[in-house]
Amino acid sequence: MHGSGTGSEEEPTGGSGVDHEFQEFLALERELAVFLRRARANSGEMAREVHPELEPAAYGLLVRLEESGRQRATDLAAFFGVGKATMSRQLRALEELGLVAREPDPADGRASLVRLTDEGLARFRRVRNARRERYVRKLADWDRGEVGELARLLHQLNTRAEGA
């Protein structure tokens with residue numbers, strides 16, 4: 001019986017005591033947990049490929065700067081939901097590695113904009129392209145429509161999560 005919420009014998013719950021009506025959400029939670037664990041591990045690998053001393057968390061900064069162009073450190077901190085001190089430390093490390101640079105903000109001389117250096121952009125794109133090739137190989141037996149549908153659904157999930 002769908003939606004009964006009783007965990008009856010007709011609808012076993014696998015011994016977990018969880019109502020059948022939530023099984024899809026539990027499956028989603030389980031698969032997202034596996035996906036996120038792998039994504040964190042991959043982020044660390046990609047960061048090291050960009051530069052052996054790059055922290056995994058800093059890889060996301062490179063993604064954001066490549067996608068959005070020059071940004072203020074405060075805007076980056078807000079986007080990632082971290083404090084100014086954390087962002088400052090990460091940007092300082094990226095600067096020391098020669099991957100990002102700061103330049104005066106033409107709209108406000110007191111502020112600066114962070115941008116990828118040519119070296120940072122070249123290293124980032126090399127790693128991103130290699131990652132994309134791995135996805136192409138892993139999903140070679142998928143229909144392109146399925147890949148597009150997965151991307152669409154993940155975008156929808158991310159958009160709703162941001163709005164929550």
# chains A, B, ... in the order shown; residues from 1 in each chain; ligands from 1
$ residues_around --residues "Glu55 in chain A" --least-positions-apart "4" --cutoff "10 Å" --atoms "only C-alpha atoms" --output "list in words"
Ser43, Gly44, Glu45, Met46, Ala47, Arg48, His51, Tyr59, Gly60, Gln90, Ala93 and Leu94 of chain A
$ residues_around --residues "Ala122 in chain A" --least-positions-apart "5" --cutoff "12 Å" --atoms "only C-alpha atoms" --output "PyMOL selection string"
chain A and resi 49-51+62+66+98-100+116-117+127-129
$ write_last_selection --atoms "C-alpha atoms" --output "tab-separated table (two decimals), in the first residue's frame"
chain	number	residue	atom	x	y	z
A	49	GLU	CA	46.91	18.43	-10.48
A	50	VAL	CA	46.63	22.21	-10.77
A	51	HIS	CA	49.44	22.64	-8.24
A	62	LEU	CA	39.44	28.69	-9.50
A	66	GLU	CA	37.06	31.06	-14.51
A	98	GLY	CA	50.98	32.43	-8.84
A	99	LEU	CA	47.46	31.26	-9.73
A	100	VAL	CA	45.54	34.46	-8.93
A	116	LEU	CA	43.10	34.17	-12.50
A	117	THR	CA	46.62	34.72	-13.81
A	127	VAL	CA	42.79	19.90	-15.36
A	128	ARG	CA	39.17	20.72	-16.20
A	129	ASN	CA	39.56	19.36	-19.74
$ select_by_dssp --residues "range 70-136 of chain A" --states "alpha helix (DSSP H)" --output "ChimeraX atom specification"
/A:73-80,84-96,118-136
$ atom_distance --atom1 "CA of Leu54 in chain A" --atom2 "CA of Leu97 in chain A"
8.0 Å
$ closest_atom_pairs --of "range 22-126 of chain A" --to "range 131-140 of chain A" --cutoff "10 Å" --atoms "only C-alpha atoms" --output "Markdown table"
| residue | atom | partner | partner_atom | distance |
| --- | --- | --- | --- | --- |
| A:Asn42 | CA | A:Arg131 | CA | 9.2 |
| A:Met46 | CA | A:Arg131 | CA | 8.1 |
| A:Arg125 | CA | A:Arg131 | CA | 9.6 |
| A:Arg126 | CA | A:Arg131 | CA | 8.7 |
$ residues_around --residues "Met87 in chain A" --least-positions-apart "2" --cutoff "8 Å" --atoms "only C-alpha atoms" --output "VMD selection string"
chain A and resid 73 to 74 76 to 77 82 to 85 89 to 91
$ closest_residue --among "A:Glu162, A:Glu146, A:Phe22, A:Glu119" --to "Gly81 in chain A" --atoms "only C-alpha atoms"
A:Glu162
$ atom_distance --atom1 "CA of Glu67 in chain A" --atom2 "CA of Asp108 in chain A"
22.5 Å
$ select_by_dssp --residues "range 39-139 of chain A" --states "strand (DSSP E)" --output "PyMOL selection string"
chain A and resi 71-72+100-105+108-116
$ write_last_selection --atoms "N, CA, C and O atoms" --output "short mmCIF file (atom, residue, chain, number, x, y, z; two decimals), in the first residue's frame"
data_model
loop_
_atom_site.label_atom_id
_atom_site.label_comp_id
_atom_site.auth_asym_id
_atom_site.auth_seq_id
_atom_site.Cartn_x
_atom_site.Cartn_y
_atom_site.Cartn_z
N GLN A 71 36.48 39.16 -9.50
CA GLN A 71 35.52 39.33 -8.41
C GLN A 71 36.22 39.93 -7.20
O GLN A 71 37.41 39.72 -6.99
N ARG A 72 35.42 40.61 -6.38
CA ARG A 72 35.92 41.06 -5.08
C ARG A 72 36.00 39.87 -4.13
O ARG A 72 35.18 38.95 -4.21
N VAL A 100 46.44 33.30 -8.88
CA VAL A 100 45.54 34.46 -8.93
C VAL A 100 46.34 35.72 -8.65
O VAL A 100 47.45 35.67 -8.09
N ALA A 101 45.76 36.84 -9.05
CA ALA A 101 46.37 38.15 -8.79
C ALA A 101 45.26 39.11 -8.41
O ALA A 101 44.09 38.90 -8.75
N ARG A 102 45.63 40.14 -7.69
CA ARG A 102 44.68 41.20 -7.34
C ARG A 102 45.02 42.43 -8.15
O ARG A 102 46.18 42.71 -8.42
N GLU A 103 43.96 43.17 -8.50
CA GLU A 103 44.14 44.43 -9.22
C GLU A 103 43.11 45.41 -8.71
O GLU A 103 42.07 45.01 -8.18
N PRO A 104 43.38 46.70 -8.82
CA PRO A 104 42.43 47.70 -8.32
C PRO A 104 41.08 47.58 -9.02
O PRO A 104 41.00 47.30 -10.20
N ASP A 105 40.02 47.78 -8.23
CA ASP A 105 38.67 47.77 -8.77
C ASP A 105 38.41 49.14 -9.39
O ASP A 105 38.43 50.16 -8.68
N ASP A 108 35.82 51.19 -7.60
CA ASP A 108 36.08 51.61 -6.22
C ASP A 108 37.56 51.41 -5.95
O ASP A 108 38.01 50.29 -5.71
N GLY A 109 38.31 52.50 -5.99
CA GLY A 109 39.76 52.44 -5.82
C GLY A 109 40.22 51.84 -4.50
O GLY A 109 41.36 51.42 -4.38
N ARG A 110 39.33 51.80 -3.50
CA ARG A 110 39.72 51.23 -2.20
C ARG A 110 39.67 49.71 -2.22
O ARG A 110 40.26 49.05 -1.36
N ALA A 111 38.96 49.15 -3.19
CA ALA A 111 38.78 47.70 -3.26
C ALA A 111 39.65 47.11 -4.36
O ALA A 111 40.17 47.82 -5.21
N SER A 112 39.80 45.80 -4.32
CA SER A 112 40.55 45.13 -5.38
C SER A 112 39.72 43.97 -5.92
O SER A 112 38.81 43.47 -5.26
N LEU A 113 40.05 43.58 -7.12
CA LEU A 113 39.41 42.45 -7.78
C LEU A 113 40.43 41.32 -7.88
O LEU A 113 41.60 41.54 -8.12
N VAL A 114 39.93 40.11 -7.72
CA VAL A 114 40.77 38.92 -7.84
C VAL A 114 40.51 38.32 -9.21
O VAL A 114 39.37 38.22 -9.65
N ARG A 115 41.58 37.92 -9.88
CA ARG A 115 41.45 37.30 -11.19
C ARG A 115 42.44 36.16 -11.29
O ARG A 115 43.44 36.11 -10.58
N LEU A 116 42.15 35.23 -12.19
CA LEU A 116 43.10 34.17 -12.50
C LEU A 116 44.27 34.77 -13.29
O LEU A 116 44.06 35.62 -14.17
#
$ atom_distance --atom1 "CA of Arg144 in chain A" --atom2 "CA of Ser68 in chain A"
26.6 Å
$ decode --residues "range 100-118 of chain A" --atoms "N, CA and C atoms" --output "PDB file, in the first residue's frame"
ATOM      1  N   VAL A 100      46.436  33.305  -8.884  1.00  0.00           N
ATOM      2  CA  VAL A 100      45.544  34.463  -8.934  1.00  0.00           C
ATOM      3  C   VAL A 100      46.344  35.723  -8.650  1.00  0.00           C
ATOM      4  N   ALA A 101      45.765  36.841  -9.051  1.00  0.00           N
ATOM      5  CA  ALA A 101      46.371  38.150  -8.786  1.00  0.00           C
ATOM      6  C   ALA A 101      45.260  39.110  -8.413  1.00  0.00           C
ATOM      7  N   ARG A 102      45.632  40.135  -7.690  1.00  0.00           N
ATOM      8  CA  ARG A 102      44.685  41.199  -7.338  1.00  0.00           C
ATOM      9  C   ARG A 102      45.023  42.435  -8.154  1.00  0.00           C
ATOM     10  N   GLU A 103      43.963  43.173  -8.505  1.00  0.00           N
ATOM     11  CA  GLU A 103      44.137  44.426  -9.224  1.00  0.00           C
ATOM     12  C   GLU A 103      43.105  45.409  -8.710  1.00  0.00           C
ATOM     13  N   PRO A 104      43.385  46.704  -8.824  1.00  0.00           N
ATOM     14  CA  PRO A 104      42.430  47.699  -8.321  1.00  0.00           C
ATOM     15  C   PRO A 104      41.075  47.579  -9.015  1.00  0.00           C
ATOM     16  N   ASP A 105      40.024  47.776  -8.235  1.00  0.00           N
ATOM     17  CA  ASP A 105      38.667  47.774  -8.774  1.00  0.00           C
ATOM     18  C   ASP A 105      38.413  49.142  -9.388  1.00  0.00           C
ATOM     19  N   PRO A 106      38.188  49.227 -10.702  1.00  0.00           N
ATOM     20  CA  PRO A 106      37.971  50.534 -11.329  1.00  0.00           C
ATOM     21  C   PRO A 106      36.734  51.257 -10.788  1.00  0.00           C
ATOM     22  N   ALA A 107      35.782  50.508 -10.243  1.00  0.00           N
ATOM     23  CA  ALA A 107      34.562  51.119  -9.707  1.00  0.00           C
ATOM     24  C   ALA A 107      34.775  51.660  -8.299  1.00  0.00           C
ATOM     25  N   ASP A 108      35.819  51.189  -7.601  1.00  0.00           N
ATOM     26  CA  ASP A 108      36.077  51.612  -6.222  1.00  0.00           C
ATOM     27  C   ASP A 108      37.563  51.412  -5.946  1.00  0.00           C
ATOM     28  N   GLY A 109      38.313  52.498  -5.987  1.00  0.00           N
ATOM     29  CA  GLY A 109      39.760  52.438  -5.824  1.00  0.00           C
ATOM     30  C   GLY A 109      40.219  51.842  -4.505  1.00  0.00           C
ATOM     31  N   ARG A 110      39.335  51.801  -3.502  1.00  0.00           N
ATOM     32  CA  ARG A 110      39.718  51.230  -2.201  1.00  0.00           C
ATOM     33  C   ARG A 110      39.667  49.713  -2.218  1.00  0.00           C
ATOM     34  N   ALA A 111      38.957  49.151  -3.187  1.00  0.00           N
ATOM     35  CA  ALA A 111      38.777  47.700  -3.258  1.00  0.00           C
ATOM     36  C   ALA A 111      39.654  47.109  -4.357  1.00  0.00           C
ATOM     37  N   SER A 112      39.804  45.797  -4.317  1.00  0.00           N
ATOM     38  CA  SER A 112      40.550  45.126  -5.380  1.00  0.00           C
ATOM     39  C   SER A 112      39.716  43.968  -5.915  1.00  0.00           C
ATOM     40  N   LEU A 113      40.054  43.582  -7.125  1.00  0.00           N
ATOM     41  CA  LEU A 113      39.410  42.451  -7.780  1.00  0.00           C
ATOM     42  C   LEU A 113      40.427  41.316  -7.884  1.00  0.00           C
ATOM     43  N   VAL A 114      39.930  40.108  -7.724  1.00  0.00           N
ATOM     44  CA  VAL A 114      40.770  38.922  -7.840  1.00  0.00           C
ATOM     45  C   VAL A 114      40.514  38.321  -9.213  1.00  0.00           C
ATOM     46  N   ARG A 115      41.581  37.922  -9.875  1.00  0.00           N
ATOM     47  CA  ARG A 115      41.448  37.300 -11.189  1.00  0.00           C
ATOM     48  C   ARG A 115      42.445  36.158 -11.293  1.00  0.00           C
ATOM     49  N   LEU A 116      42.149  35.233 -12.193  1.00  0.00           N
ATOM     50  CA  LEU A 116      43.103  34.174 -12.502  1.00  0.00           C
ATOM     51  C   LEU A 116      44.266  34.773 -13.286  1.00  0.00           C
ATOM     52  N   THR A 117      45.472  34.344 -12.979  1.00  0.00           N
ATOM     53  CA  THR A 117      46.616  34.719 -13.805  1.00  0.00           C
ATOM     54  C   THR A 117      46.586  33.853 -15.061  1.00  0.00           C
ATOM     55  N   ASP A 118      47.399  34.205 -16.045  1.00  0.00           N
ATOM     56  CA  ASP A 118      47.490  33.374 -17.246  1.00  0.00           C
ATOM     57  C   ASP A 118      47.913  31.955 -16.873  1.00  0.00           C
TER      58      ASP A 118
END
